[in-house]
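So this block is input36.cif, mmCIF, C-alpha atoms:
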data_start
#
loop_
_atom_site.label_atom_id
_atom_site.label_comp_id
_atom_site.auth_asym_id
_atom_site.auth_seq_id
_atom_site.Cartn_x
_atom_site.Cartn_y
_atom_site.Cartn_z
CA SER A 1 97.75 113.23 89.66
CA ASN A 2 98.94 109.72 90.31
CA SER A 3 99.20 107.19 87.53
CA HIS A 4 98.34 103.83 89.00
CA ARG A 5 98.21 100.19 88.39
CA ARG A 6 95.86 97.97 90.28
CA GLY A 7 96.27 94.21 90.40
CA THR A 8 93.59 92.05 91.93
CA SER A 9 93.32 88.39 92.77
CA THR A 10 90.75 86.32 94.59
CA PHE A 11 92.73 84.07 96.90
CA THR A 12 91.33 80.94 98.50
CA ILE A 13 92.74 79.07 101.47
CA LEU A 14 91.28 75.66 100.71
CA ASN A 15 89.13 73.83 103.17
CA SER A 16 88.55 70.21 102.27
CA ARG A 17 87.16 68.84 105.52
CA PRO A 18 84.22 70.79 107.01
CA SER A 19 80.76 69.84 105.80
CA HIS A 20 79.04 73.09 106.73
CA ARG A 21 79.72 76.83 106.68
CA ARG A 22 80.76 78.08 110.04
CA LYS A 23 82.05 81.12 111.87
CA SER A 24 85.78 81.55 112.19
CA SER A 25 87.32 81.45 115.63
CA ILE A 26 89.91 84.14 115.00
CA THR A 27 93.21 84.08 116.79
CA ALA A 28 95.14 87.30 117.21
CA THR A 29 98.58 85.99 116.38
CA PRO A 30 101.85 87.76 115.63
CA SER A 31 103.12 87.66 112.08
CA SER A 32 105.09 84.54 111.19
CA LEU A 33 106.92 86.43 108.45
CA SER A 34 110.38 87.34 109.73
CA SER A 35 112.26 90.53 108.94
CA SER A 36 114.64 88.46 106.82
CA ASP A 37 111.69 87.21 104.75
CA ILE A 38 110.61 90.79 104.09
CA ASP A 39 114.21 91.72 103.30
CA GLN A 40 114.31 88.94 100.71
CA ILE A 41 111.09 90.16 99.10
CA TYR A 42 112.47 93.71 99.03
CA SER A 43 115.84 92.61 97.60
CA ARG A 44 114.23 90.54 94.88
CA ALA A 45 111.93 93.42 93.92
CA LEU A 46 114.85 95.85 93.93
CA ASP A 47 116.79 93.57 91.59
CA ASN A 48 113.80 93.32 89.26
CA ALA A 49 113.33 97.09 89.29
CA ASN A 50 117.01 97.69 88.57
CA ASN A 51 116.98 95.14 85.75
CA PHE A 52 113.94 96.82 84.20
CA ASP A 53 115.57 100.25 84.43
CA SER A 54 118.80 98.93 82.93
CA ASN A 55 117.01 97.22 80.03
CA TYR A 56 115.18 100.42 79.12
CA SER A 57 117.91 102.91 80.10
CA TYR A 58 115.40 104.46 82.45
CA LYS A 59 115.96 106.32 85.71
CA HIS A 60 113.09 106.39 88.19
CA GLU A 61 112.90 109.01 90.91
CA PRO A 62 111.00 107.59 93.92
CA LEU A 63 107.48 108.91 94.45
CA THR A 64 107.61 111.15 91.41
CA ILE A 65 105.58 111.13 88.22
CA HIS A 66 107.54 111.15 84.98
CA GLU A 67 107.15 114.37 82.99
CA SER A 68 105.84 112.44 79.97
CA VAL A 69 102.65 111.67 81.91
CA GLY A 70 101.81 115.34 82.37
CA ARG A 71 102.70 116.24 78.80
CA LEU A 72 100.86 113.47 76.97
CA LEU A 73 97.92 112.62 79.23
CA THR A 74 95.12 114.98 80.22
CA PRO A 75 93.67 114.76 83.76
CA MET A 76 90.65 112.52 84.14
CA ARG A 77 87.31 114.13 84.91
CA PRO A 78 84.34 112.85 86.91
CA HIS A 79 81.78 110.69 85.15
CA ILE A 80 79.03 112.82 83.63
CA VAL A 81 75.63 111.49 84.67
CA THR A 82 73.77 111.28 81.38
CA ASN A 83 70.97 108.92 82.41
CA THR A 84 68.72 111.25 84.37
CA ARG A 85 65.92 108.68 84.65
CA GLY A 86 68.14 106.31 86.55
CA GLU A 87 67.64 103.40 84.18
CA LEU A 88 70.06 100.50 84.50
CA ALA A 89 71.19 98.05 81.84
CA ASN A 90 68.71 95.25 81.32
CA VAL A 91 69.28 91.88 82.95
CA PRO A 92 66.95 89.05 81.85
CA ASN A 93 64.43 88.02 84.49
CA TYR A 94 65.62 84.42 84.58
CA ILE A 95 69.05 85.42 85.93
CA PRO A 96 69.31 85.25 89.75
CA ARG A 97 70.15 88.59 91.34
CA PRO A 98 71.96 89.64 94.52
CA PRO A 99 69.75 91.31 97.16
CA TYR A 100 70.76 94.89 96.22
CA ALA A 101 69.97 94.55 92.50
CA HIS A 102 66.45 96.00 92.68
CA ASN A 103 66.85 99.00 94.98
CA GLY A 104 70.60 99.54 95.41
CA HIS A 105 70.45 98.91 99.16
CA VAL A 106 73.29 96.63 100.24
CA PRO A 107 72.31 94.42 103.20
CA PRO A 108 74.83 94.35 106.05
CA ALA A 109 77.50 91.66 105.82
CA PRO A 110 78.26 89.44 108.83
CA HIS A 111 80.73 90.87 111.32
CA TYR A 112 82.69 87.63 111.46
CA VAL A 113 84.85 85.81 108.92
CA GLU A 114 83.03 82.95 107.27
CA LEU A 115 84.88 79.73 106.58
CA GLN A 116 83.56 78.22 103.39
CA ASP A 117 82.72 74.53 103.17
CA LYS A 118 83.46 72.40 100.10
CA GLU A 119 80.18 73.37 98.46
CA GLY A 120 80.90 77.06 98.93
CA ILE A 121 84.46 76.78 97.66
CA ASP A 122 83.35 74.86 94.58
CA ALA A 123 80.72 77.51 93.87
CA LEU A 124 83.26 80.30 94.37
CA ARG A 125 85.69 78.60 92.00
CA THR A 126 83.00 78.43 89.34
CA SER A 127 82.01 82.10 89.67
CA ALA A 128 85.65 83.24 89.88
CA ARG A 129 86.65 81.29 86.78
CA LEU A 130 83.73 82.76 84.88
CA ALA A 131 84.70 86.25 86.06
CA ARG A 132 88.27 85.64 84.86
CA LYS A 133 86.99 84.47 81.47
CA VAL A 134 85.03 87.71 81.08
CA LEU A 135 87.98 89.76 82.38
CA ASP A 136 90.24 88.36 79.68
CA LYS A 137 87.71 89.35 77.03
CA THR A 138 87.42 92.80 78.59
CA CYS A 139 91.17 93.40 78.41
CA GLU A 140 91.18 92.39 74.75
CA LEU A 141 88.71 95.22 74.07
CA ALA A 142 90.97 97.90 75.56
CA LYS A 143 92.43 99.42 72.41
CA PRO A 144 92.82 103.02 71.24
CA GLY A 145 89.57 104.46 69.94
CA ILE A 146 87.03 102.60 72.08
CA SER A 147 85.17 104.32 74.90
CA THR A 148 84.82 102.85 78.35
CA GLU A 149 81.04 103.05 77.91
CA GLU A 150 81.30 100.85 74.82
CA ILE A 151 83.41 98.37 76.78
CA ASN A 152 80.82 98.36 79.56
CA THR A 153 78.02 97.60 77.10
CA ILE A 154 79.91 94.68 75.56
CA VAL A 155 81.00 93.27 78.92
CA HIS A 156 77.47 93.52 80.29
CA LYS A 157 76.29 91.35 77.41
CA TYR A 158 79.13 88.89 77.97
CA ILE A 159 78.07 88.45 81.58
CA VAL A 160 74.33 88.07 81.10
CA ASP A 161 74.88 85.74 78.14
CA GLU A 162 76.69 83.47 80.62
CA GLY A 163 73.64 83.51 82.89
CA ALA A 164 75.28 85.73 85.51
CA TYR A 165 74.49 89.11 87.04
CA PRO A 166 77.17 91.87 86.88
CA SER A 167 77.92 92.45 90.57
CA PRO A 168 78.70 96.21 90.37
CA LEU A 169 75.34 97.02 88.75
CA ASN A 170 73.26 98.99 91.28
CA TYR A 171 75.59 98.07 94.15
CA ALA A 172 74.92 101.05 96.43
CA GLY A 173 73.62 102.72 93.27
CA PHE A 174 76.64 102.11 91.03
CA PRO A 175 75.25 102.75 87.53
CA LYS A 176 77.33 100.40 85.37
CA SER A 177 78.26 96.73 85.04
CA VAL A 178 82.04 97.09 85.18
CA CYS A 179 84.50 99.50 86.81
CA SER A 180 86.92 101.22 84.44
CA SER A 181 89.69 103.15 86.19
CA ILE A 182 91.97 105.06 83.85
CA ASN A 183 95.38 106.59 84.66
CA GLU A 184 95.14 108.50 87.96
CA VAL A 185 91.72 107.03 88.85
CA VAL A 186 92.60 104.52 91.56
CA CYS A 187 89.45 102.37 91.53
CA HIS A 188 85.66 102.27 91.03
CA GLY A 189 85.77 104.40 87.88
CA ILE A 190 82.42 104.72 86.10
CA PRO A 191 82.45 103.88 82.36
CA ASP A 192 81.44 106.83 80.21
CA GLY A 193 82.31 108.51 76.93
CA TYR A 194 86.04 108.64 77.62
CA VAL A 195 87.87 107.23 74.59
CA LEU A 196 90.98 105.19 75.36
CA LYS A 197 94.24 106.54 74.00
CA LYS A 198 97.62 104.99 73.35
CA GLY A 199 99.60 105.00 76.59
CA ASP A 200 96.62 104.99 78.96
CA VAL A 201 96.97 102.75 82.02
CA ALA A 202 93.52 101.16 82.19
CA SER A 203 92.21 98.95 85.00
CA PHE A 204 89.00 96.94 84.71
CA ASP A 205 87.13 95.35 87.61
CA VAL A 206 84.97 92.49 86.37
CA SER A 207 82.73 90.97 89.02
CA LEU A 208 79.68 88.78 88.67
CA PHE A 209 77.08 86.91 90.70
CA PHE A 210 76.57 83.32 89.59
CA ASN A 211 74.67 80.53 91.35
CA GLY A 212 74.52 82.57 94.55
CA TYR A 213 78.21 83.50 94.80
CA HIS A 214 80.27 86.47 93.64
CA GLY A 215 83.44 86.21 91.56
CA ASP A 216 85.64 89.32 91.59
CA ASN A 217 88.85 90.13 89.74
CA CYS A 218 90.70 93.01 88.12
CA ALA A 219 93.47 93.54 85.59
CA THR A 220 95.35 96.50 84.20
CA VAL A 221 96.47 96.95 80.61
CA LEU A 222 98.65 99.49 78.87
CA VAL A 223 96.50 100.68 75.98
CA GLY A 224 98.24 100.27 72.65
CA ASP A 225 100.75 97.71 73.93
CA ILE A 226 101.43 94.66 71.75
CA ASP A 227 102.78 91.13 72.03
CA ASP A 228 106.46 90.59 72.75
CA ASN A 229 107.08 89.24 69.25
CA GLU A 230 105.88 92.46 67.62
CA THR A 231 107.63 95.80 67.28
CA LEU A 232 105.99 98.82 68.87
CA SER A 233 106.57 102.15 67.14
CA PHE A 234 106.46 105.54 68.84
CA GLN A 235 105.85 109.00 67.47
CA SER A 236 108.25 110.60 69.93
CA LYS A 237 110.72 109.90 72.71
CA GLU A 238 108.16 111.13 75.20
CA GLU A 239 105.60 108.61 73.99
CA GLU A 240 108.15 105.84 74.41
CA GLU A 241 108.92 107.02 77.95
CA LEU A 242 105.18 107.07 78.71
CA PHE A 243 105.00 103.39 77.76
CA ILE A 244 108.08 102.54 79.80
CA THR A 245 106.62 104.15 82.93
CA GLY A 246 103.33 102.30 82.44
CA GLN A 247 105.03 98.95 81.92
CA ARG A 248 107.18 99.48 85.01
CA LEU A 249 104.18 100.33 87.17
CA ILE A 250 102.29 97.27 85.94
CA GLN A 251 105.26 94.99 86.56
CA ALA A 252 105.67 96.30 90.11
CA THR A 253 102.02 95.78 91.02
CA GLN A 254 101.96 92.29 89.55
CA GLU A 255 105.02 91.44 91.63
CA SER A 256 103.43 92.90 94.77
CA LEU A 257 100.36 90.74 94.16
CA ASP A 258 102.45 87.62 93.63
CA MET A 259 104.47 88.24 96.79
CA ALA A 260 101.31 88.92 98.80
CA ILE A 261 99.76 85.65 97.66
CA SER A 262 102.96 83.78 98.51
CA THR A 263 102.52 84.70 102.19
CA CYS A 264 99.06 83.14 102.41
CA ARG A 265 98.72 79.71 103.97
CA SER A 266 96.87 78.16 106.86
CA GLY A 267 98.46 79.51 110.04
CA SER A 268 100.00 82.63 108.50
CA CYS A 269 98.97 86.13 109.50
CA LEU A 270 96.79 88.60 107.62
CA THR A 271 99.27 91.42 108.23
CA GLU A 272 101.94 89.64 106.15
CA ILE A 273 100.01 90.53 102.98
CA GLY A 274 100.45 94.26 103.54
CA ALA A 275 104.08 93.84 104.59
CA ALA A 276 104.91 92.04 101.34
CA ILE A 277 103.15 94.61 99.18
CA SER A 278 104.90 97.48 100.96
CA ALA A 279 108.29 95.83 100.47
CA VAL A 280 107.75 95.57 96.72
CA SER A 281 106.27 99.05 96.29
CA GLU A 282 109.14 100.64 98.21
CA ALA A 283 111.75 98.72 96.22
CA TYR A 284 110.30 100.16 93.00
CA GLY A 285 109.95 103.66 94.47
CA TYR A 286 106.14 103.65 94.51
CA ASP A 287 103.47 104.22 97.14
CA SER A 288 100.58 101.90 98.08
CA VAL A 289 97.01 103.17 98.44
CA GLU A 290 95.69 102.83 101.99
CA LYS A 291 92.11 104.04 101.56
CA TYR A 292 90.81 101.01 99.64
CA ARG A 293 91.27 97.39 100.62
CA GLY A 294 90.74 93.80 99.66
CA HIS A 295 87.80 91.97 101.20
CA GLY A 296 86.18 88.67 101.92
CA ILE A 297 83.83 87.35 99.27
CA GLY A 298 81.18 84.68 98.96
CA ARG A 299 77.42 85.13 98.98
CA HIS A 300 78.23 88.69 100.04
CA PHE A 301 80.14 90.89 97.59
CA HIS A 302 82.15 92.52 100.41
CA CYS A 303 82.59 91.07 103.88
CA PRO A 304 85.34 90.35 106.44
CA PRO A 305 88.26 89.98 106.44
CA PHE A 306 89.30 93.34 105.04
CA VAL A 307 92.81 93.25 103.62
CA LYS A 308 95.18 96.22 103.92
CA HIS A 309 97.81 96.61 101.20
CA TYR A 310 100.37 98.31 103.42
CA ARG A 311 102.18 97.57 106.69
CA ASN A 312 99.65 97.21 109.48
CA HIS A 313 98.87 95.51 112.76
CA ASP A 314 95.80 93.49 111.74
CA TYR A 315 96.95 90.32 113.45
CA MET A 316 94.59 87.59 112.32
CA GLU A 317 95.49 83.97 111.78
CA LEU A 318 94.51 82.72 108.33
CA LYS A 319 92.56 79.49 108.32
CA GLU A 320 91.43 76.95 105.76
CA GLY A 321 88.21 78.05 104.11
CA MET A 322 88.82 81.80 104.21
CA VAL A 323 88.23 83.42 100.82
CA PHE A 324 89.25 87.01 100.15
CA THR A 325 90.61 89.34 97.52
CA ILE A 326 94.04 90.95 97.43
CA GLU A 327 93.95 94.20 95.47
CA PRO A 328 97.23 96.15 95.55
CA MET A 329 96.97 99.67 94.14
CA LEU A 330 100.35 101.28 93.57
CA THR A 331 101.02 104.88 92.59
CA GLU A 332 103.99 106.67 91.06
CA GLY A 333 103.37 109.71 93.26
CA ARG A 334 101.88 109.85 96.72
CA ALA A 335 98.90 107.57 97.28
CA ASP A 336 96.58 110.24 98.72
CA CYS A 337 93.06 109.87 97.32
CA VAL A 338 90.27 112.34 96.61
CA GLU A 339 86.72 111.16 95.95
CA TRP A 340 84.63 112.96 93.36
CA GLN A 341 81.20 113.97 94.64
CA SER A 342 79.70 115.11 91.34
CA ASP A 343 79.41 111.68 89.68
CA GLY A 344 76.49 110.66 91.87
CA TRP A 345 78.22 107.66 93.44
#
structure tokens encoding of this file:
Amino acid sequence: SNSHRRGTSTFTILNSRPSHRRKSSITATPSSLSSSDIDQIYSRALDNANNFDSNYSYKHEPLTIHESVGRLLTPMRPHIVTNTRGELANVPNYIPRPPYAHNGHVPPAPHYVELQDKEGIDALRTSARLARKVLDKTCELAKPGISTEEINTIVHKYIVDEGAYPSPLNYAGFPKSVCSSINEVVCHGIPDGYVLKKGDVASFDVSLFFNGYHGDNCATVLVGDIDDNETLSFQSKEEEELFITGQRLIQATQESLDMAISTCRSGSCLTEIGAAISAVSEAYGYDSVEKYRGHGIGRHFHCPPFVKHYRNHDYMELKEGMVFTIEPMLTEGRADCVEWQSDGW
């Protein structure tokens, strides 16, 4: 099983001029990122990885999972469907809902890339900032002894108290208001009775629908970690190594996200995002998940452009007004994914 870290950001290429939403005239353009630029990203990441390993006297074997993971963590299991009547968490009637909220049917998104006008960008900023506010509160909850179901219940209340609708709720039938992906679960984990333990790598997707626009973000925490000015105690050398591997994975994915964002500007190419993420993941000795991708966002939860987090040939010129997520998912072992069928989603 692959321990993972997923880092997510909603990235906006600002558009200050147009007064209406319009279709994008997409240009298939070669990448403007040179091989030397990629080499620099790789070299910087390699230096950071080596510095981390030196600081912690740690030796990482590429594309392997440290033995402490197998010894201290038990494999995750599919979500057990306990709500046989199909009831969803209550959302007050006064809160506006996305089209799929009532029946779970997601209407088709446009086949083109929308360029947002100033009104759309302002609305997206508002929903994204609110989603980040709730995400920060969610991460603060992730401590040993709390179940992901309990976190979901609290986060649901956070969101509706802000007058927003939790975007995952009933999206294609998703039964909860937040995604909780623990350890080897790459993404879209369903909150349940699983109780967080010290050393778990826990990712939370917090997304919400506010004033007609979706805000979507994700963060990963190492359960039981503390502030830099505190001393963390371990019961064994293996437990310490488990924390080191988790911290390293989180650092690498954060760096891959930062480098991916740094490539984005008007006139750059969509494929540069995947190239930057691959350079960082390879420098750290990790793999990058190919099955799941970033996506455009606006009035639709998921829409073009779809963003690959690995080297690809999706040559698309980025333009002012495009809004999309970048969601690198790195794994210690191979990034092959298996979808559970028994969880009902």
> A:Val69, A:Ile80, A:Leu222, A:Ile261: which is nearest Asp343 of chain A, counting all atoms listed in the file?
Replying inline: A:Ile80
Would you write out, as a Markdown table, a table of all residues in segment 196-297 of chain A that have an atom no more than 7 Å from an atom of segment 319-330 of chain A, listing for each the closest atom pair and the distance in Å to one decimal, considering only C-alpha atoms and ordering rows by chain and rising residue number?
| residue | atom | partner | partner_atom | distance |
| --- | --- | --- | --- | --- |
| A:Thr253 | CA | A:Leu330 | CA | 6.3 |
| A:Leu257 | CA | A:Pro328 | CA | 6.4 |
| A:Ser266 | CA | A:Lys319 | CA | 4.7 |
| A:Gly267 | CA | A:Lys319 | CA | 6.1 |
| A:Ser281 | CA | A:Leu330 | CA | 6.9 |
| A:Tyr286 | CA | A:Leu330 | CA | 6.3 |
| A:Asp287 | CA | A:Leu330 | CA | 5.6 |
| A:Ser288 | CA | A:Leu330 | CA | 4.6 |
| A:Val289 | CA | A:Met329 | CA | 5.5 |
| A:Arg293 | CA | A:Glu327 | CA | 6.6 |
| A:Gly294 | CA | A:Ile326 | CA | 4.9 |
| A:His295 | CA | A:Phe324 | CA | 5.3 |
| A:Gly296 | CA | A:Phe324 | CA | 3.9 |
| A:Ile297 | CA | A:Phe324 | CA | 5.5 |
For the selection you just gave me, I'd like the residues written to a file as a PDB file, in the coordinates of the input, keeping C-alpha atoms.
ATOM      1  CA  THR A 253     102.020  95.780  91.020  1.00  0.00           C
ATOM      2  CA  LEU A 257     100.360  90.740  94.160  1.00  0.00           C
ATOM      3  CA  SER A 266      96.870  78.160 106.860  1.00  0.00           C
ATOM      4  CA  GLY A 267      98.460  79.510 110.040  1.00  0.00           C
ATOM      5  CA  SER A 281     106.270  99.050  96.290  1.00  0.00           C
ATOM      6  CA  TYR A 286     106.140 103.650  94.510  1.00  0.00           C
ATOM      7  CA  ASP A 287     103.470 104.220  97.140  1.00  0.00           C
ATOM      8  CA  SER A 288     100.580 101.900  98.080  1.00  0.00           C
ATOM      9  CA  VAL A 289      97.010 103.170  98.440  1.00  0.00           C
ATOM     10  CA  ARG A 293      91.270  97.390 100.620  1.00  0.00           C
ATOM     11  CA  GLY A 294      90.740  93.800  99.660  1.00  0.00           C
ATOM     12  CA  HIS A 295      87.800  91.970 101.200  1.00  0.00           C
ATOM     13  CA  GLY A 296      86.180  88.670 101.920  1.00  0.00           C
ATOM     14  CA  ILE A 297      83.830  87.350  99.270  1.00  0.00           C
TER      15      ILE A 297
END
>> Please report the interatomic distance between atom CA of Ile190 of chain A and atom CA of Pro175 of chain A in Å with one decimal.
In response: 7.6 Å
For segment 226-245 of chain A, take all atoms listed in the file, fit an axis-aligned box around them, add 5 Å to each of the six sides, then output centre and edge lengths in Å rounded to one decimal, as JSON.
{"center_x": 106.1, "center_y": 100.2, "center_z": 75.0, "size_x": 19.3, "size_y": 31.9, "size_z": 25.8}
Contacts of Phe234 of chain A within 10 Å, all atoms listed in the file, excl. fewer than 6 positions in-chain, as a PDB file with C-alpha atoms, in the frame of the given file:
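As a result, selection_10.pdb now contains:
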ATOM      1  CA  LYS A 198      97.620 104.990  73.350  1.00  0.00           C
ATOM      2  CA  GLU A 240     108.150 105.840  74.410  1.00  0.00           C
ATOM      3  CA  GLU A 241     108.920 107.020  77.950  1.00  0.00           C
ATOM      4  CA  PHE A 243     105.000 103.390  77.760  1.00  0.00           C
TER       5      PHE A 243
END
>> I'd like to know which of A:Ser233, A:Tyr112, A:Gly163, A:Ser34 is closest to Pro92 of chain A, using all atoms listed in the file.
In response: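 Among A:Ser233, A:Tyr112, A:Gly163, A:Ser34, it is A:Gly163 that comes nearest to Pro92 of chain A.
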> Hey, which of A:Val134, A:Val201, A:Val280, A:Val206 ends up closest to Gln247 of chain A? Count all atoms listed in the file.
Replying inline: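 Distance minimum relative to Gln247 of chain A lands on A:Val201.
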The PyMOL selection byres ((chain A and resi 212) around 12) - which residues does that actually catch in the file I just gave you? List them as a CSV table (one decimal) with C-alpha atoms, keeping the file's coordinate frame.
chain,number,residue,atom,x,y,z
A,95,ILE,CA,69.0,85.4,85.9
A,96,PRO,CA,69.3,85.2,89.8
A,97,ARG,CA,70.2,88.6,91.3
A,98,PRO,CA,72.0,89.6,94.5
A,99,PRO,CA,69.8,91.3,97.2
A,119,GLU,CA,80.2,73.4,98.5
A,120,GLY,CA,80.9,77.1,98.9
A,121,ILE,CA,84.5,76.8,97.7
A,122,ASP,CA,83.4,74.9,94.6
A,123,ALA,CA,80.7,77.5,93.9
A,124,LEU,CA,83.3,80.3,94.4
A,126,THR,CA,83.0,78.4,89.3
A,127,SER,CA,82.0,82.1,89.7
A,163,GLY,CA,73.6,83.5,82.9
A,164,ALA,CA,75.3,85.7,85.5
A,165,TYR,CA,74.5,89.1,87.0
A,167,SER,CA,77.9,92.4,90.6
A,208,LEU,CA,79.7,88.8,88.7
A,209,PHE,CA,77.1,86.9,90.7
A,210,PHE,CA,76.6,83.3,89.6
A,211,ASN,CA,74.7,80.5,91.4
A,213,TYR,CA,78.2,83.5,94.8
A,214,HIS,CA,80.3,86.5,93.6
A,215,GLY,CA,83.4,86.2,91.6
A,297,ILE,CA,83.8,87.4,99.3
A,298,GLY,CA,81.2,84.7,99.0
A,299,ARG,CA,77.4,85.1,99.0
A,300,HIS,CA,78.2,88.7,100.0
A,301,PHE,CA,80.1,90.9,97.6
>> Which residues would end up in the selection if the PyMOL selection byres ((chain A and resi 49-61) around 10) were applied here, given that I need the answer as a PyMOL selection string?
In response: chain A and resi 43-48+62-66+241+244-245+247-249+251-252+280+283-286+332-333
> With distances taken over only C-alpha atoms, which of A:Ala219, A:Ala276, A:Cys264, A:Leu196 is nearest to Leu318 of chain A?
Replying inline: A:Cys264
